[in-house]
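See structure below.
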Amino acid sequence: MRGRVIVAGFVVFLCSFSVAAGDEMGAEKAIGQVLNTLHRAASDGDGDVYFSLFAEDAIFMGTDAAERWSVDEFKAFAEPFFSEGRGWTYSMTERHIYLAADSKTAWFDEMLWNDTYGSCRGTGVLVLVEKEWRFIQYNLSIPMPNDLTREFTAKIKEFDGLAKAEDDSQ
């Protein structure tokens, strides 16, 4: 456990170097490192490092419409996985990072690959908190080809109707 804490601290240190105002290239590199660290920690099942990258009031949105979680709610969900050293692996295949004029807010979108779900998209917003980039929002989605939209949205409507009917009957 001690080794994991030391590694976690070192990784956070590497991701937290400050960026001088106007150094867009440096900021994009730092943000890219934070994103890479997030994905690596998730894959390694390292909840300490993973959640250290989120601001206290961050929101995580997963692929299910019901998955809109505060950091504490998401920690509670992920704890059983991370406590066993299990996580989830999403590999970045394409990434775009954008920096606000004040150099204290950034947003990104990236295409990801997951062996179970295939192509996914991660989007989010990071803010500079005491010279460290932290997620304030992360959104994981599964992009749907337009040609499949009608078929799948019909299934979602049917599912939502069934779920609502089950809720009403209880």
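Following the order of the structure tokens, chains are lettered A, B, ..., residues in each are numbered from 1, and ligands are numbered from 1.
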Set the distance at 6 Å and use only C-alpha atoms: which residues neighbour Ser43 (chain A) once local chain neighbours fewer than 3 positions away are removed? I'd like the list as a PyMOL selection string. chain A and resi 40+87-89
Find the residues near region 35-37 of chain A: any atom within 12 Å, counting only C-alpha atoms, skip ones fewer than 3 places away on the same chain, and give them as a short mmCIF file (atom, residue, chain, number, x, y, z; two decimals) with C-alpha atoms, in the first residue's frame.
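Written file, out-v9.cif:
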```cif
data_model
loop_
_atom_site.label_atom_id
_atom_site.label_comp_id
_atom_site.auth_asym_id
_atom_site.auth_seq_id
_atom_site.Cartn_x
_atom_site.Cartn_y
_atom_site.Cartn_z
CA VAL A 7 3.53 6.28 -6.84
CA ALA A 8 0.18 8.10 -6.63
CA PHE A 10 4.58 11.12 -7.81
CA VAL A 11 2.05 10.82 -10.66
CA VAL A 12 0.00 13.71 -9.28
CA PHE A 13 3.21 15.75 -8.96
CA LEU A 14 4.10 15.08 -12.60
CA CYS A 15 0.64 16.21 -13.71
CA SER A 16 0.56 19.31 -11.59
CA GLU A 28 -2.10 21.56 -23.60
CA LYS A 29 0.79 19.24 -22.73
CA ALA A 30 -0.09 19.36 -19.01
CA ILE A 31 -3.76 18.69 -19.74
CA GLY A 32 -2.82 15.81 -22.05
CA ARG A 40 -3.85 4.84 -16.84
CA ALA A 41 -5.19 5.01 -13.26
CA ALA A 42 -8.60 3.69 -14.38
CA SER A 43 -6.96 0.81 -16.22
CA ASP A 44 -4.70 0.03 -13.24
CA GLY A 45 -7.63 0.20 -10.83
CA ASP A 46 -5.89 2.96 -8.86
CA GLY A 47 -8.71 4.96 -7.31
CA ASP A 48 -6.37 7.19 -5.28
CA VAL A 49 -4.70 8.59 -8.38
CA TYR A 50 -7.91 8.54 -10.44
CA PHE A 51 -9.97 10.62 -8.02
CA SER A 52 -7.08 12.97 -7.16
CA LEU A 53 -7.55 14.40 -10.66
CA PHE A 54 -11.11 15.63 -9.97
CA THR A 89 -9.48 0.48 -19.94
CA TYR A 90 -10.17 3.15 -22.53
CA SER A 91 -7.37 3.86 -25.00
CA MET A 92 -7.23 7.29 -26.61
CA THR A 93 -7.20 7.25 -30.41
CA ARG A 95 -7.69 14.03 -28.85
CA HIS A 96 -8.49 17.75 -29.10
CA ILE A 97 -7.74 20.21 -26.28
CA ALA A 106 -9.88 24.04 -20.72
CA TRP A 107 -12.15 21.60 -22.47
CA PHE A 108 -11.42 18.54 -24.50
CA ASP A 109 -12.91 15.82 -26.61
CA GLU A 110 -11.29 12.53 -27.39
CA LEU A 112 -11.49 6.25 -27.06
CA GLY A 122 -14.80 11.33 -23.63
CA THR A 123 -15.48 15.04 -23.25
CA GLY A 124 -15.01 17.34 -20.35
CA VAL A 125 -13.86 20.51 -18.71
CA LEU A 126 -10.79 21.08 -16.55
CA TRP A 133 -5.46 20.91 -13.68
CA ARG A 134 -8.55 19.20 -12.26
CA PHE A 135 -11.62 17.76 -13.93
CA TYR A 138 -16.22 14.39 -17.44
#
```
Nearest to Ile142 (chain A) by atom-to-atom distance, counting only C-alpha atoms, from A:Gly85, A:Gly161, A:Pro80, A:Gly118: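 Using only C-alpha atoms, the shortest distance to Ile142 (chain A) belongs to A:Gly118.
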With only C-alpha atoms as the basis for distance, which of A:Thr116, A:Asn139, A:Gln33, A:Ser103 is at the shortest distance from Gly62 (chain A)? A:Asn139
Every residue of region 41-124 of chain A that DSSP places in strand (DSSP E or B), as a VMD selection string: chain A and resid 54 to 61 68 to 70 91 to 99 105 to 114 118 to 124
